[in-house]
>>> print(open('model04.cif').read())   # mmCIF, C-alpha atoms
data_work
#
loop_
_atom_site.label_atom_id
_atom_site.label_comp_id
_atom_site.auth_asym_id
_atom_site.auth_seq_id
_atom_site.Cartn_x
_atom_site.Cartn_y
_atom_site.Cartn_z
CA MET Z 1 24.28 -118.23 188.27
CA LYS Z 2 22.94 -114.92 189.53
CA LYS Z 3 23.80 -113.37 186.18
CA ASN Z 4 21.83 -116.13 184.37
CA LYS Z 5 18.82 -115.55 186.65
CA LYS Z 6 18.97 -111.83 185.96
CA MET Z 7 19.20 -112.49 182.24
CA VAL Z 8 16.17 -114.84 182.33
CA LEU Z 9 14.21 -112.26 184.29
CA PHE Z 10 15.18 -109.52 181.85
CA VAL Z 11 14.17 -111.61 178.83
CA SER Z 12 10.89 -112.54 180.54
CA LEU Z 13 10.12 -108.88 181.14
CA ILE Z 14 10.86 -108.04 177.51
CA LEU Z 15 8.56 -110.82 176.32
CA ALA Z 16 5.82 -109.77 178.71
CA PHE Z 17 6.07 -106.17 177.50
CA ALA Z 18 5.92 -107.33 173.87
CA LEU Z 19 2.79 -109.33 174.62
CA VAL Z 20 1.17 -106.33 176.28
CA VAL Z 21 2.05 -104.09 173.33
CA THR Z 22 0.80 -106.70 170.88
CA GLY Z 23 -2.38 -107.08 172.87
CA CYS Z 24 -2.90 -103.34 172.89
CA THR Z 25 -2.38 -102.91 169.16
CA SER Z 26 -3.88 -106.06 167.72
CA LYS Z 27 -7.50 -105.10 168.33
CA PRO Z 28 -7.32 -101.72 166.54
CA ALA Z 29 -5.31 -103.34 163.77
CA LEU Z 30 -8.01 -105.97 163.36
CA GLU Z 31 -10.70 -103.29 163.47
CA GLU Z 32 -8.86 -101.34 160.77
CA ALA Z 33 -8.64 -104.48 158.64
CA ALA Z 34 -12.36 -105.15 159.06
CA GLY Z 35 -13.28 -101.41 159.03
CA GLU Z 36 -15.46 -99.34 156.79
CA ILE Z 37 -14.98 -97.20 153.72
CA LYS Z 38 -16.94 -93.98 154.00
CA ILE Z 39 -18.37 -92.45 150.83
CA ALA Z 40 -20.47 -89.28 150.84
CA VAL Z 41 -23.57 -89.01 148.64
CA VAL Z 42 -24.49 -85.36 148.16
CA GLY Z 43 -27.51 -83.81 146.50
CA PRO Z 44 -30.75 -81.90 147.12
CA MET Z 45 -32.44 -84.12 149.67
CA THR Z 46 -34.96 -81.36 150.45
CA GLY Z 47 -36.55 -78.48 148.53
CA ASP Z 48 -37.85 -78.09 144.98
CA SER Z 49 -35.27 -80.51 143.54
CA ALA Z 50 -35.57 -83.16 146.27
CA GLN Z 51 -36.72 -85.86 143.86
CA TYR Z 52 -33.27 -85.81 142.25
CA GLY Z 53 -31.46 -86.12 145.58
CA GLN Z 54 -33.79 -88.86 146.76
CA ALA Z 55 -33.07 -90.80 143.56
CA PHE Z 56 -29.34 -90.55 144.38
CA LYS Z 57 -29.98 -91.71 147.94
CA LYS Z 58 -32.18 -94.69 147.08
CA ALA Z 59 -29.96 -96.01 144.30
CA THR Z 60 -26.69 -95.73 146.23
CA GLU Z 61 -28.16 -97.24 149.39
CA LEU Z 62 -29.50 -100.13 147.31
CA LEU Z 63 -26.05 -100.80 145.86
CA ALA Z 64 -24.17 -100.35 149.15
CA LYS Z 65 -26.45 -102.88 150.83
CA LYS Z 66 -25.91 -105.35 147.98
CA VAL Z 67 -22.11 -104.93 148.09
CA ASN Z 68 -21.95 -105.20 151.88
CA GLU Z 69 -24.07 -108.35 151.94
CA ALA Z 70 -21.59 -109.87 149.47
CA GLY Z 71 -18.65 -109.12 151.76
CA GLY Z 72 -17.90 -105.48 151.02
CA VAL Z 73 -14.80 -104.15 149.28
CA ASN Z 74 -11.71 -106.17 150.15
CA GLY Z 75 -13.38 -107.12 153.42
CA LYS Z 76 -14.43 -103.56 154.29
CA LYS Z 77 -18.06 -102.46 154.39
CA ILE Z 78 -19.24 -99.42 152.46
CA LYS Z 79 -20.66 -96.74 154.74
CA LEU Z 80 -22.63 -94.00 153.01
CA GLU Z 81 -22.98 -90.50 154.43
CA ILE Z 82 -26.06 -88.90 152.86
CA VAL Z 83 -25.73 -85.11 152.78
CA ASP Z 84 -28.23 -82.42 151.74
CA ASP Z 85 -26.77 -79.49 149.77
CA LYS Z 86 -30.25 -78.03 149.09
CA ASN Z 87 -29.16 -77.54 145.47
CA ASP Z 88 -27.56 -74.30 146.63
CA ALA Z 89 -24.05 -73.11 145.78
CA LYS Z 90 -23.31 -71.67 149.22
CA GLU Z 91 -24.55 -74.77 151.01
CA ALA Z 92 -22.54 -76.93 148.59
CA THR Z 93 -19.33 -75.17 149.66
CA ASN Z 94 -20.22 -75.68 153.33
CA VAL Z 95 -20.82 -79.37 152.66
CA ALA Z 96 -17.53 -79.70 150.78
CA GLN Z 97 -15.56 -78.07 153.64
CA LYS Z 98 -17.09 -80.51 156.09
CA LEU Z 99 -16.38 -83.56 153.94
CA VAL Z 100 -12.76 -82.75 153.10
CA SER Z 101 -11.98 -82.23 156.80
CA ASP Z 102 -13.27 -85.72 157.60
CA GLN Z 103 -10.32 -87.94 156.70
CA ASP Z 104 -12.58 -91.02 156.80
CA VAL Z 105 -14.40 -89.78 153.68
CA ILE Z 106 -12.61 -91.39 150.72
CA GLY Z 107 -14.81 -90.15 147.87
CA VAL Z 108 -17.92 -88.12 147.02
CA ILE Z 109 -20.84 -89.06 144.76
CA GLY Z 110 -22.39 -85.69 143.85
CA HIS Z 111 -23.32 -82.96 143.60
CA PHE Z 112 -26.49 -82.99 141.48
CA SER Z 113 -26.49 -79.60 139.76
CA SER Z 114 -23.65 -78.00 137.83
CA THR Z 115 -24.02 -74.86 139.95
CA ALA Z 116 -23.45 -76.78 143.19
CA SER Z 117 -20.66 -78.87 141.68
CA LEU Z 118 -18.80 -75.86 140.29
CA ALA Z 119 -19.01 -74.10 143.66
CA ALA Z 120 -17.71 -77.10 145.62
CA SER Z 121 -15.08 -78.41 143.21
CA PRO Z 122 -12.17 -76.07 144.19
CA ILE Z 123 -12.50 -77.28 147.79
CA TYR Z 124 -12.39 -80.94 146.79
CA GLN Z 125 -9.48 -80.29 144.45
CA ARG Z 126 -7.35 -78.57 147.11
CA ALA Z 127 -7.97 -81.45 149.50
CA GLY Z 128 -7.39 -84.17 146.88
CA LEU Z 129 -10.85 -85.70 147.34
CA VAL Z 130 -12.62 -87.28 144.34
CA GLU Z 131 -15.91 -85.64 143.36
CA LEU Z 132 -17.78 -87.91 140.93
CA SER Z 133 -20.95 -86.18 139.83
CA PRO Z 134 -23.59 -88.38 138.21
CA THR Z 135 -25.31 -85.41 136.59
CA SER Z 136 -23.21 -82.21 136.31
CA SER Z 137 -23.28 -81.48 132.58
CA HIS Z 138 -21.75 -77.99 132.47
CA PRO Z 139 -18.74 -78.33 130.13
CA ASP Z 140 -16.46 -76.48 132.60
CA PHE Z 141 -17.05 -78.79 135.56
CA THR Z 142 -14.22 -81.29 135.10
CA SER Z 143 -11.76 -78.56 134.11
CA GLN Z 144 -11.89 -77.34 137.73
CA GLY Z 145 -9.29 -79.94 138.71
CA THR Z 146 -7.93 -83.44 138.35
CA PHE Z 147 -10.19 -84.86 141.08
CA MET Z 148 -13.43 -83.99 139.22
CA PHE Z 149 -15.25 -86.75 137.29
CA ARG Z 150 -18.70 -86.87 135.70
CA ASN Z 151 -21.02 -89.66 134.57
CA VAL Z 152 -23.17 -87.72 132.11
CA ASN Z 153 -22.79 -86.11 128.69
CA THR Z 154 -21.99 -82.41 128.75
CA GLN Z 155 -24.44 -79.85 127.37
CA ALA Z 156 -21.97 -79.38 124.53
CA ILE Z 157 -23.07 -82.88 123.47
CA GLU Z 158 -26.72 -82.93 124.57
CA GLY Z 159 -27.62 -79.49 123.18
CA PRO Z 160 -26.73 -80.33 119.57
CA ILE Z 161 -28.53 -83.69 119.83
CA LEU Z 162 -31.70 -81.87 120.89
CA ALA Z 163 -31.29 -79.24 118.17
CA ASP Z 164 -30.77 -81.90 115.50
CA PHE Z 165 -33.92 -83.71 116.64
CA ALA Z 166 -35.95 -80.50 116.71
CA VAL Z 167 -34.95 -79.30 113.24
CA LYS Z 168 -34.45 -82.57 111.33
CA ASP Z 169 -36.89 -85.01 112.95
CA LEU Z 170 -39.66 -82.68 114.11
CA GLN Z 171 -39.13 -80.28 111.19
CA LYS Z 172 -39.42 -77.22 113.46
CA LYS Z 173 -37.95 -74.01 112.14
CA ASN Z 174 -39.30 -71.40 114.57
CA ILE Z 175 -38.25 -72.21 118.12
CA ALA Z 176 -38.63 -70.33 121.41
CA VAL Z 177 -36.57 -71.01 124.54
CA ILE Z 178 -37.20 -70.76 128.29
CA TYR Z 179 -34.22 -71.48 130.54
CA ILE Z 180 -33.36 -71.40 134.24
CA ASN Z 181 -30.90 -68.60 134.91
CA ASN Z 182 -28.02 -70.53 136.49
CA ASP Z 183 -24.74 -72.06 135.30
CA TRP Z 184 -26.42 -75.17 133.91
CA GLY Z 185 -29.40 -73.40 132.33
CA ILE Z 186 -27.26 -70.84 130.55
CA THR Z 187 -24.95 -73.44 129.01
CA ALA Z 188 -27.90 -75.71 128.08
CA LYS Z 189 -29.59 -72.77 126.36
CA ASP Z 190 -26.43 -71.60 124.59
CA ASN Z 191 -25.52 -75.01 123.22
CA PHE Z 192 -29.05 -75.71 121.97
CA VAL Z 193 -29.52 -72.27 120.40
CA SER Z 194 -26.17 -72.21 118.60
CA ALA Z 195 -26.69 -75.72 117.19
CA ALA Z 196 -30.30 -75.01 116.15
CA GLU Z 197 -29.31 -71.77 114.39
CA ALA Z 198 -26.48 -73.58 112.59
CA LEU Z 199 -29.14 -75.98 111.25
CA GLY Z 200 -31.21 -73.08 109.93
CA ALA Z 201 -33.70 -72.64 112.78
CA ASN Z 202 -35.09 -69.23 113.72
CA ILE Z 203 -34.98 -68.58 117.47
CA THR Z 204 -38.07 -66.43 118.00
CA ALA Z 205 -37.58 -65.70 121.71
CA VAL Z 206 -35.23 -66.51 124.58
CA GLU Z 207 -36.61 -66.01 128.11
CA SER Z 208 -35.14 -66.83 131.52
CA PHE Z 209 -36.45 -67.32 135.05
CA ILE Z 210 -35.01 -67.54 138.56
CA GLY Z 211 -35.16 -71.08 139.94
CA GLY Z 212 -37.21 -71.47 143.12
CA GLN Z 213 -38.59 -67.92 142.85
CA THR Z 214 -40.64 -67.70 139.66
CA LYS Z 215 -44.13 -69.17 140.00
CA ASP Z 216 -46.14 -67.15 137.49
CA PHE Z 217 -44.92 -67.80 133.96
CA THR Z 218 -47.95 -66.36 132.15
CA PRO Z 219 -46.23 -63.06 131.15
CA THR Z 220 -43.31 -65.04 129.69
CA ILE Z 221 -45.62 -67.48 127.90
CA THR Z 222 -47.69 -64.63 126.47
CA LYS Z 223 -44.55 -62.88 125.20
CA ILE Z 224 -43.37 -66.12 123.56
CA LYS Z 225 -46.78 -66.82 122.02
CA ASN Z 226 -46.67 -63.46 120.25
CA THR Z 227 -43.47 -64.53 118.42
CA LYS Z 228 -45.35 -67.46 116.86
CA PRO Z 229 -42.93 -70.37 117.47
CA ASP Z 230 -43.87 -73.93 116.55
CA LEU Z 231 -41.73 -75.49 119.32
CA LEU Z 232 -40.76 -74.47 122.86
CA PHE Z 233 -37.43 -75.71 124.21
CA LEU Z 234 -37.19 -75.89 128.00
CA ALA Z 235 -33.84 -75.89 129.81
CA ALA Z 236 -35.29 -76.41 133.27
CA MET Z 237 -35.91 -78.87 136.09
CA TYR Z 238 -39.14 -80.84 136.59
CA SER Z 239 -40.75 -78.47 139.13
CA GLU Z 240 -40.70 -75.32 136.98
CA THR Z 241 -41.33 -77.26 133.78
CA GLY Z 242 -44.47 -78.67 135.36
CA MET Z 243 -45.68 -75.17 136.19
CA ILE Z 244 -44.82 -73.83 132.72
CA ALA Z 245 -46.69 -76.70 131.02
CA GLN Z 246 -49.77 -76.25 133.23
CA GLN Z 247 -49.89 -72.51 132.61
CA ILE Z 248 -49.50 -73.05 128.86
CA LYS Z 249 -52.54 -75.32 128.99
CA GLN Z 250 -54.50 -72.84 131.12
CA LEU Z 251 -53.84 -70.18 128.48
CA ASP Z 252 -55.18 -72.62 125.85
CA TYR Z 253 -51.91 -72.33 123.98
CA ASP Z 254 -51.09 -75.24 121.67
CA ILE Z 255 -47.31 -75.61 121.39
CA GLU Z 256 -45.05 -78.68 121.27
CA LEU Z 257 -42.52 -79.02 124.10
CA LEU Z 258 -38.92 -80.29 124.05
CA GLY Z 259 -36.62 -80.62 127.07
CA THR Z 260 -33.35 -82.04 128.33
CA SER Z 261 -32.77 -85.25 130.25
CA SER Z 262 -33.28 -83.23 133.46
CA LEU Z 263 -37.01 -83.81 132.94
CA ASN Z 264 -36.86 -87.59 133.17
CA ASN Z 265 -38.55 -87.74 136.55
CA GLN Z 266 -41.94 -89.25 137.37
CA GLN Z 267 -42.68 -86.23 139.54
CA LEU Z 268 -43.03 -84.14 136.36
CA ILE Z 269 -45.95 -86.29 135.20
CA GLU Z 270 -47.46 -86.36 138.68
CA LEU Z 271 -47.25 -82.57 138.95
CA ALA Z 272 -48.39 -81.60 135.46
CA GLY Z 273 -50.45 -84.57 134.25
CA PRO Z 274 -51.98 -84.05 130.77
CA ALA Z 275 -50.17 -80.72 130.40
CA VAL Z 276 -46.89 -82.52 129.63
CA GLU Z 277 -48.45 -85.14 127.36
CA GLY Z 278 -46.41 -85.28 124.14
CA LEU Z 279 -43.28 -83.62 125.58
CA TYR Z 280 -40.02 -84.85 124.04
CA LEU Z 281 -36.74 -85.21 125.97
CA THR Z 282 -33.32 -86.80 125.75
CA ASN Z 283 -32.10 -89.63 127.96
CA ASN Z 284 -29.32 -92.22 128.21
CA TYR Z 285 -31.27 -94.81 130.18
CA PHE Z 286 -34.47 -96.67 129.38
CA PRO Z 287 -35.98 -98.93 132.08
CA GLU Z 288 -37.58 -101.19 129.48
CA ASP Z 289 -34.21 -102.01 127.91
CA PRO Z 290 -34.22 -105.83 127.80
CA SER Z 291 -30.53 -106.18 128.73
CA GLU Z 292 -29.85 -108.30 131.81
CA ASN Z 293 -28.10 -105.64 133.87
CA VAL Z 294 -30.81 -103.02 133.26
CA GLN Z 295 -33.65 -105.40 134.09
CA GLY Z 296 -31.79 -106.68 137.15
CA PHE Z 297 -31.37 -103.11 138.43
CA VAL Z 298 -35.00 -102.21 137.72
CA GLN Z 299 -36.26 -105.32 139.51
CA GLU Z 300 -34.04 -104.76 142.58
CA PHE Z 301 -35.10 -101.12 142.78
CA LYS Z 302 -38.80 -101.98 142.47
CA GLU Z 303 -38.54 -104.64 145.16
CA ALA Z 304 -36.80 -102.21 147.51
CA TYR Z 305 -38.90 -99.10 146.92
CA GLY Z 306 -42.04 -100.09 145.02
CA THR Z 307 -41.32 -97.70 142.14
CA GLU Z 308 -39.41 -97.78 138.88
CA PRO Z 309 -35.97 -96.14 138.93
CA ASP Z 310 -35.47 -93.07 136.76
CA GLN Z 311 -32.35 -91.85 134.96
CA PHE Z 312 -31.05 -90.09 138.09
CA ALA Z 313 -31.22 -93.24 140.16
CA ALA Z 314 -29.51 -95.13 137.33
CA VAL Z 315 -26.56 -92.75 136.88
CA ALA Z 316 -26.05 -92.52 140.66
CA TYR Z 317 -26.05 -96.33 140.88
CA ASP Z 318 -23.47 -96.58 138.10
CA SER Z 319 -21.36 -93.81 139.64
CA LEU Z 320 -21.10 -95.54 142.99
CA ASP Z 321 -20.46 -98.89 141.34
CA MET Z 322 -17.55 -97.43 139.35
CA MET Z 323 -16.12 -95.90 142.51
CA ILE Z 324 -16.40 -99.26 144.26
CA SER Z 325 -14.67 -100.96 141.32
CA ALA Z 326 -11.83 -98.46 141.62
CA LEU Z 327 -11.62 -98.95 145.40
CA LYS Z 328 -11.00 -102.65 144.89
CA VAL Z 329 -7.78 -101.60 143.16
CA SER Z 330 -6.83 -98.52 145.17
CA GLY Z 331 -7.95 -99.36 148.68
CA PRO Z 332 -9.25 -96.55 150.92
CA ASP Z 333 -6.75 -93.93 149.76
CA ARG Z 334 -7.97 -90.64 148.27
CA ALA Z 335 -5.15 -90.11 145.77
CA LYS Z 336 -4.97 -93.75 144.68
CA LEU Z 337 -8.76 -93.81 144.22
CA ARG Z 338 -8.48 -90.89 141.78
CA ASP Z 339 -5.88 -92.76 139.73
CA ALA Z 340 -7.82 -96.03 139.70
CA LEU Z 341 -11.06 -94.30 138.72
CA ALA Z 342 -9.36 -92.54 135.82
CA GLU Z 343 -8.33 -95.94 134.44
CA ILE Z 344 -11.88 -97.31 134.14
CA LYS Z 345 -12.65 -98.48 130.62
CA ASP Z 346 -15.90 -99.85 129.17
CA TYR Z 347 -17.64 -100.18 132.54
CA PRO Z 348 -20.87 -102.09 131.74
CA GLY Z 349 -23.40 -99.91 133.56
CA VAL Z 350 -27.16 -99.69 133.45
CA THR Z 351 -26.71 -96.37 131.61
CA GLY Z 352 -24.44 -97.92 128.99
CA LYS Z 353 -20.72 -98.55 128.65
CA THR Z 354 -18.64 -95.93 130.39
CA THR Z 355 -15.04 -94.86 129.86
CA PHE Z 356 -13.44 -91.76 131.35
CA ASN Z 357 -11.43 -89.78 128.82
CA GLU Z 358 -8.33 -87.70 129.60
CA ASN Z 359 -10.58 -84.92 130.96
CA ARG Z 360 -12.52 -87.40 133.14
CA ASP Z 361 -15.62 -86.87 130.98
CA VAL Z 362 -17.78 -89.58 129.41
CA LEU Z 363 -19.55 -90.03 126.10
CA LYS Z 364 -22.84 -91.92 126.37
CA ASP Z 365 -25.37 -92.82 123.71
CA MET Z 366 -28.58 -90.81 124.03
CA ILE Z 367 -32.13 -91.69 123.09
CA ILE Z 368 -35.23 -89.55 122.55
CA MET Z 369 -38.20 -90.22 124.81
CA GLN Z 370 -41.74 -88.88 124.79
CA ILE Z 371 -44.42 -88.65 127.45
CA LYS Z 372 -47.25 -90.67 126.01
CA ASP Z 373 -50.40 -91.86 127.81
CA GLY Z 374 -48.93 -90.54 131.05
CA LYS Z 375 -45.65 -92.50 130.75
CA PHE Z 376 -42.09 -91.95 129.57
CA THR Z 377 -41.85 -93.97 126.35
CA LEU Z 378 -39.08 -94.60 123.84
CA PHE Z 379 -39.50 -92.44 120.73
CA LYS Z 380 -36.19 -92.82 118.93
CA LYS Z 381 -32.88 -94.61 119.55
#
>>> encode(input="model04.cif", output="structure tokens")
Amino acid sequence: MKKNKKMVLFVSLILAFALVVTGCTSKPALEEAAGEIKIAVVGPMTGDSAQYGQAFKKATELLAKKVNEAGGVNGKKIKLEIVDDKNDAKEATNVAQKLVSDQDVIGVIGHFSSTASLAASPIYQRAGLVELSPTSSHPDFTSQGTFMFRNVNTQAIEGPILADFAVKDLQKKNIAVIYINNDWGITAKDNFVSAAEALGANITAVESFIGGQTKDFTPTITKIKNTKPDLLFLAAMYSETGMIAQQIKQLDYDIELLGTSSLNNQQLIELAGPAVEGLYLTNNYFPEDPSENVQGFVQEFKEAYGTEPDQFAAVAYDSLDMMISALKVSGPDRAKLRDALAEIKDYPGVTGKTTFNENRDVLKDMIIMQIKDGKFTLFKK
């Protein structure tokens, strides 16, 4: 009898202990199930290139809010960490070190520039953290490791498209070039020049500048004018392009302008006004595209921010949406996310259908736009 009582007491104690343990662990387990998935969005939130970073921020926050209101990803809410890399290589490496050490960060949308992305990519690769850049077009970016993805054509694709348009459509044979002296600017210049020369163009002058430092472009413009080009190709961002265009106008110099998709930002028109009227540029997104997904995105963005989204908002939106699609398959696991993202095929984005190839690059259709009557307008599909 005493033995039975002892046995009952022993079993009761075991059950009580199990209940305590269960009680202690069930709450965290439930919190983990409900939880959050942290994704970093990195770009130049301040400085001369802040408009690009702010486009990333607005578009990704718009999508995260939409996804979370619909229940999140497998029951987990998306939590964005917005980080400023100041469009600087050194700061980009500092940001990358911070993000890889935070095990809650499952993926990174960014960086904006090729220079920042190239600097940060070895850190992400060593840590096995996906870096999906909406805009890094330097051909070498994704070769830095298996965790690097991009959502934009490389300059090896965009440069020849621009050269073909300049020589065949605009019938320009004498072309001068101004480029920003960084990783992206050099490769943009090289790819355009080599393709234009192969088509029979004469490159009359090639001049560079230091981003964020050069303000007076009149000596460069004067030097170029003396070579008598009939087209000026600009491999630059909106801030310096705006200054170049204004100073060209101040010098009463009549020359047609052609630039890359980096110039598709309303701030360019606001900064330079009539000085950029007539400028041609490439793009892979057109807000007046009548397709349902493009118009839905444009309307949501306008309602949220009161302005029309540009290409940089669009590619950031698509980039986060592809990462979210992959997370639905992989769950919040860094390595599994990489594998799921690599499998994406024909994603129907606002910037066109997207498939990652074996190098985690994409091939997107590009259009030619022109600034006309103070607006970005479609010139050629």
>>> resolve_selection(input="model04.cif", expression="the PyMOL selection byres ((chain Z and resi 164) around 12)", output="MDAnalysis selection string")
chainID Z and resid 157:163 165:173 191:201 258 282 368
>>> residues_around(input="model04.cif", residues="segment 317-332 of chain Z", least_positions_apart="5", cutoff="7 Å", atoms="only C-alpha atoms", output="VMD selection string")
chain Z and resid 37 59 to 60 63 73 to 74 106 109 134 151 337 340 to 341 349 to 350
>>> atom_distance(input="model04.cif", atom1="atom CA of Ser117 of chain Z", atom2="atom CA of Ala92 of chain Z")
7.4 Å
>>> resolve_selection(input="model04.cif", expression="the PyMOL selection byres ((chain Z and resi 294-306) around 9)", output="ChimeraX atom specification")
/Z:58-59,62,285-293,307-309,314,317,349-351
>>> closest_residue(input="model04.cif", among="Z:His111, Z:Lys189, Z:Lys249, Z:Lys364", to="Val42 of chain Z", atoms="all atoms listed in the file")
Z:His111
>>> resolve_selection(input="model04.cif", expression="the PyMOL selection byres ((chain Z and resi 248) around 10)", output="list of chain:residue names")
Z:Phe217, Z:Thr218, Z:Ile221, Z:Thr222, Z:Lys225, Z:Gly242, Z:Met243, Z:Ile244, Z:Ala245, Z:Gln246, Z:Gln247, Z:Lys249, Z:Gln250, Z:Leu251, Z:Asp252, Z:Tyr253, Z:Asp254, Z:Ile255, Z:Ala275, Z:Val276
>>> write_last_selection(input="model04.cif", atoms="C-alpha atoms", output="short mmCIF file (atom, residue, chain, number, x, y, z; two decimals), keeping the file's coordinate frame")
data_model
loop_
_atom_site.label_atom_id
_atom_site.label_comp_id
_atom_site.auth_asym_id
_atom_site.auth_seq_id
_atom_site.Cartn_x
_atom_site.Cartn_y
_atom_site.Cartn_z
CA PHE Z 217 -44.92 -67.80 133.96
CA THR Z 218 -47.95 -66.36 132.15
CA ILE Z 221 -45.62 -67.48 127.90
CA THR Z 222 -47.69 -64.63 126.47
CA LYS Z 225 -46.78 -66.82 122.02
CA GLY Z 242 -44.47 -78.67 135.36
CA MET Z 243 -45.68 -75.17 136.19
CA ILE Z 244 -44.82 -73.83 132.72
CA ALA Z 245 -46.69 -76.70 131.02
CA GLN Z 246 -49.77 -76.25 133.23
CA GLN Z 247 -49.89 -72.51 132.61
CA LYS Z 249 -52.54 -75.32 128.99
CA GLN Z 250 -54.50 -72.84 131.12
CA LEU Z 251 -53.84 -70.18 128.48
CA ASP Z 252 -55.18 -72.62 125.85
CA TYR Z 253 -51.91 -72.33 123.98
CA ASP Z 254 -51.09 -75.24 121.67
CA ILE Z 255 -47.31 -75.61 121.39
CA ALA Z 275 -50.17 -80.72 130.40
CA VAL Z 276 -46.89 -82.52 129.63
#
>>> residues_around(input="model04.cif", residues="Pro274 of chain Z", least_positions_apart="3", cutoff="9 Å", atoms="all atoms listed in the file", output="NGL selection string")
:Z and (246 or 249 or 269 or 277-278 or 373-374)
>>> residues_near_point(input="model04.cif", point="(-9.1, -78.2, 138.2)", cutoff="12 Å", atoms="only C-alpha atoms", output="list in words")
Leu118, Ala120, Ser121, Pro122, Ile123, Tyr124, Gln125, Arg126, Ala127, Gly128, Leu129, Val130, Glu131, Asp140, Phe141, Thr142, Ser143, Gln144, Gly145, Thr146, Phe147, Met148, Phe149, Asn359 and Arg360 of chain Z
>>> closest_residue(input="model04.cif", among="Z:Ile186, Z:Glu91, Z:Tyr179, Z:Asp230", to="Ser208 of chain Z", atoms="all atoms listed in the file")
Z:Tyr179
>>> closest_residue(input="model04.cif", among="Z:Ser137, Z:Thr204, Z:Gln51, Z:Thr260", to="Asp310 of chain Z", atoms="only C-alpha atoms")
Z:Gln51
>>> closest_residue(input="model04.cif", among="Z:Thr354, Z:Asp361, Z:Ile367, Z:Asn68", to="Ala156 of chain Z", atoms="only C-alpha atoms")
Z:Asp361
>>> closest_residue(input="model04.cif", among="Z:Asn284, Z:Gln370, Z:Ser262, Z:Asn87", to="Ala50 of chain Z", atoms="all atoms listed in the file")
Z:Asn87
>>> atom_distance(input="model04.cif", atom1="atom CA of Ala116 of chain Z", atom2="atom CA of Lys215 of chain Z")
22.3 Å
>>> atom_distance(input="model04.cif", atom1="atom CA of Arg338 of chain Z", atom2="atom CA of Gly107 of chain Z")
8.8 Å
>>> residues_around(input="model04.cif", residues="Lys77 of chain Z", least_positions_apart="2", cutoff="10 Å", atoms="only C-alpha atoms", output="NGL selection string")
:Z and (34-38 or 64-65 or 67-75 or 79-80)
>>> closest_residue(input="model04.cif", among="Z:Asn153, Z:Thr377, Z:Asn226, Z:Thr355", to="Asn264 of chain Z", atoms="all atoms listed in the file")
Z:Thr377
>>> axis_aligned_box(input="model04.cif", around="segment 198-207 of chain Z", padding_each_side="8 Å", output="JSON")
{"center_x": -32.3, "center_y": -70.8, "center_z": 119.0, "size_x": 27.6, "size_y": 26.3, "size_z": 34.2}
